[in-house]
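Beneath this line is the structure, given in structure tokens, with notes to follow.
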Amino acid sequence: MTASPHATHLAQLNVATLLHPIDDPRTAPFVEMLDPVNAAADTAPGFVWRLVEEGAADATGLRPAGEAVIVNLSVWETQEALWDFAYRSGHLEVMRRRRDWFARHVEAHMVLWWVPAGHLPTVGEALERLADLRAHGPSPRAFTFASSHTADEAAPHLGTVPPARPVPSGGAAPAR
């Protein structure tokens with residue numbers, strides 16, 4: 001986890017339902033992009049942390065939302081830093097081709113929320129925020145880029161997260 005001068009950070013979760021298994025040749029172009037895109041994220045301005053499976057370079061082996069669903073969970077210093085990485089870097093190519101590998105979601109598949117600096121969200125916490133967004137729509141507790149809220153607006157909800165846990169060596173927190 002990188003050090004940050006900010007009191008809050010932006011957490012993000014997105015889920016994607018694979019059209020084919022991760023080891024299927026039709027999914028291979030996505031898998032080939034994982035290492036370069038993750039390496040770009042790790043060095044992007046404002047990047048703080050991303051979930052990786054223990055002993056792996058990414059989180060594609062974790063399936064907390066279903067066998068065909070992969071998760072991406074990360075923390076960023078600011079919303080602008082995440083936006084810049086998502087839409088102004090090599091990550092954009094993955095997004096442009098997502099329909100090649102992932103099913104269309106009929107409900108929200110991405111959620112943003114503010115966390116105290118130093119807090120690393122668990123997968124359970126992230127899925128709960130996504131469920132909140134799906135059930136109640138955008139709010140300071142769970143929102144999207146299109147319906148964002150400031151850290152000040154989210155301040156009453158910052159105390160509703162579990163305390164930060166130490167980061168194991170390698171910078172990745174285990175999934176829960």
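Labels used: A, B, ... for chains in the order of the structure tokens, numbers from 1 for residues in each chain, and numbers from 1 for ligands as shown.
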- Message: Quick check for you: according to DSSP on this backbone, which residues of region 3-162 of chain A are classed as strand (DSSP E or B)? Reply as a PyMOL selection string.
- Response: chain A and resi 8-18+47-50+69-76+102+110-116+139+142-143
- Query: Could you pull the residues within 12 Å of region 21-27 of chain A, counting only C-alpha atoms, minus those fewer than 6 positions along the same chain, as a list in words?
  - Reply: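 Within the cut-off, the hits are Met33, Leu34, Ala59, Thr60, Gly61, Leu62, Arg63, Glu67, Ala68, Val69, Ile70, Val94, Arg97, Arg98, Arg99, Asp100, Trp101 and Phe102 of chain A.
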Serialized selection, C-alpha atoms, as a PDB file, in the first residue's frame:
```pdb
ATOM      1  CA  MET A  33      -3.908  -7.959 -20.814  1.00  0.00           C
ATOM      2  CA  LEU A  34      -4.076  -8.599 -17.063  1.00  0.00           C
ATOM      3  CA  ALA A  59      -7.685 -11.633  -8.214  1.00  0.00           C
ATOM      4  CA  THR A  60      -9.192 -13.623 -11.103  1.00  0.00           C
ATOM      5  CA  GLY A  61      -9.047 -16.862  -9.106  1.00  0.00           C
ATOM      6  CA  LEU A  62     -11.236 -15.426  -6.349  1.00  0.00           C
ATOM      7  CA  ARG A  63     -14.924 -16.086  -6.938  1.00  0.00           C
ATOM      8  CA  GLU A  67     -18.142 -19.192 -10.126  1.00  0.00           C
ATOM      9  CA  ALA A  68     -18.405 -17.225 -13.394  1.00  0.00           C
ATOM     10  CA  VAL A  69     -17.946 -13.792 -11.760  1.00  0.00           C
ATOM     11  CA  ILE A  70     -14.535 -12.168 -11.394  1.00  0.00           C
ATOM     12  CA  VAL A  94      -9.929  -3.725 -21.904  1.00  0.00           C
ATOM     13  CA  ARG A  97     -13.414  -5.088 -25.608  1.00  0.00           C
ATOM     14  CA  ARG A  98     -15.336  -6.157 -22.483  1.00  0.00           C
ATOM     15  CA  ARG A  99     -18.292  -7.485 -24.504  1.00  0.00           C
ATOM     16  CA  ASP A 100     -15.914 -10.041 -26.045  1.00  0.00           C
ATOM     17  CA  TRP A 101     -15.375 -11.651 -22.629  1.00  0.00           C
ATOM     18  CA  PHE A 102     -18.136 -10.553 -20.249  1.00  0.00           C
TER      19      PHE A 102
END
```
- Would you mind listing what lies within 8 Å of region 133-145 of chain A as a ChimeraX atom specification, with only C-alpha atoms counted and same-chain residues fewer than 5 positions away left out? /A:107-108,110-114,150,153-154,157
Keeping only C-alpha atoms, write those residues as a PDB file, in the first residue's frame.
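In the end it all went to result_35.pdb:
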```pdb
ATOM      1  CA  GLU A 107     -27.973  -4.228 -12.674  1.00  0.00           C
ATOM      2  CA  ALA A 108     -25.083  -2.209 -11.262  1.00  0.00           C
ATOM      3  CA  MET A 110     -19.473  -1.223 -10.285  1.00  0.00           C
ATOM      4  CA  VAL A 111     -19.592   0.716  -7.036  1.00  0.00           C
ATOM      5  CA  LEU A 112     -17.489   3.441  -5.471  1.00  0.00           C
ATOM      6  CA  TRP A 113     -17.333   4.487  -1.820  1.00  0.00           C
ATOM      7  CA  TRP A 114     -15.069   6.488   0.467  1.00  0.00           C
ATOM      8  CA  THR A 150     -17.675  13.775  -2.086  1.00  0.00           C
ATOM      9  CA  GLU A 153     -20.843  13.870   1.994  1.00  0.00           C
ATOM     10  CA  ALA A 154     -19.785  10.336   2.862  1.00  0.00           C
ATOM     11  CA  HIS A 157     -20.736   6.569   6.646  1.00  0.00           C
TER      12      HIS A 157
END
```
- Running DSSP on the backbone, which parts of chain A land in helix (DSSP H, G or I), as number ranges by chain? A: 25-43, 79-87, 91-96, 98-101, 123-136, 151-158
- Message: Nearest residue to Val48 (chain A) out of A:Asp84, A:Glu128, A:Glu77, A:Asp35, using only C-alpha atoms?
- Response: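 For Val48 (chain A), the nearest of the candidates is A:Glu77.
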- Task: Kindly indicate which residue among A:Ser74, A:Thr122, A:Thr17, A:Ser148 lies nearest to Gly46 (chain A), using only C-alpha atoms for the distances.
- Result: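 Closest to Gly46 (chain A), using only C-alpha atoms: A:Ser74.
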- Query: Residues at most 8 Å from region 80-82 of chain A, counting only C-alpha atoms, excluding those fewer than 2 positions away in the same chain, as a PyMOL selection string?
  - Reply: chain A and resi 44-47+76-78+84-86
Export of the given selection (N, CA and C atoms) as a PDB file, in the first residue's frame:
```
ATOM      1  N   ALA A  44       0.290   3.799 -11.297  1.00  0.00           N
ATOM      2  CA  ALA A  44      -0.499   4.970 -11.686  1.00  0.00           C
ATOM      3  C   ALA A  44      -0.524   5.996 -10.556  1.00  0.00           C
ATOM      4  N   PRO A  45      -0.511   7.277 -10.901  1.00  0.00           N
ATOM      5  CA  PRO A  45      -0.638   8.319  -9.872  1.00  0.00           C
ATOM      6  C   PRO A  45      -1.944   8.125  -9.097  1.00  0.00           C
ATOM      7  N   GLY A  46      -1.852   8.153  -7.789  1.00  0.00           N
ATOM      8  CA  GLY A  46      -3.027   8.034  -6.947  1.00  0.00           C
ATOM      9  C   GLY A  46      -3.428   6.619  -6.592  1.00  0.00           C
ATOM     10  N   PHE A  47      -2.749   5.616  -7.160  1.00  0.00           N
ATOM     11  CA  PHE A  47      -3.048   4.227  -6.804  1.00  0.00           C
ATOM     12  C   PHE A  47      -2.601   3.958  -5.377  1.00  0.00           C
ATOM     13  N   TRP A  76      -7.967   4.030  -4.271  1.00  0.00           N
ATOM     14  CA  TRP A  76      -7.292   5.139  -4.941  1.00  0.00           C
ATOM     15  C   TRP A  76      -7.336   6.373  -4.052  1.00  0.00           C
ATOM     16  N   GLU A  77      -6.356   7.242  -4.203  1.00  0.00           N
ATOM     17  CA  GLU A  77      -6.324   8.467  -3.394  1.00  0.00           C
ATOM     18  C   GLU A  77      -7.518   9.370  -3.680  1.00  0.00           C
ATOM     19  N   THR A  78      -7.896   9.462  -4.944  1.00  0.00           N
ATOM     20  CA  THR A  78      -8.970  10.375  -5.334  1.00  0.00           C
ATOM     21  C   THR A  78      -9.807   9.752  -6.447  1.00  0.00           C
ATOM     22  N   ASP A  84      -8.779   8.717 -14.232  1.00  0.00           N
ATOM     23  CA  ASP A  84      -7.676   8.817 -15.186  1.00  0.00           C
ATOM     24  C   ASP A  84      -7.137   7.439 -15.557  1.00  0.00           C
ATOM     25  N   PHE A  85      -6.993   6.567 -14.563  1.00  0.00           N
ATOM     26  CA  PHE A  85      -6.512   5.230 -14.877  1.00  0.00           C
ATOM     27  C   PHE A  85      -7.532   4.471 -15.722  1.00  0.00           C
ATOM     28  N   ALA A  86      -8.789   4.518 -15.330  1.00  0.00           N
ATOM     29  CA  ALA A  86      -9.825   3.733 -16.015  1.00  0.00           C
ATOM     30  C   ALA A  86     -10.047   4.187 -17.451  1.00  0.00           C
TER      31      ALA A  86
END
```
- Query: Can you tell me how far CA of Ala41 (chain A) sits from CA of Val106 (chain A), in Å to one decimal?
  - Reply: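 Going from CA of Ala41 (chain A) over to CA of Val106 (chain A), I get 27.3 Å.
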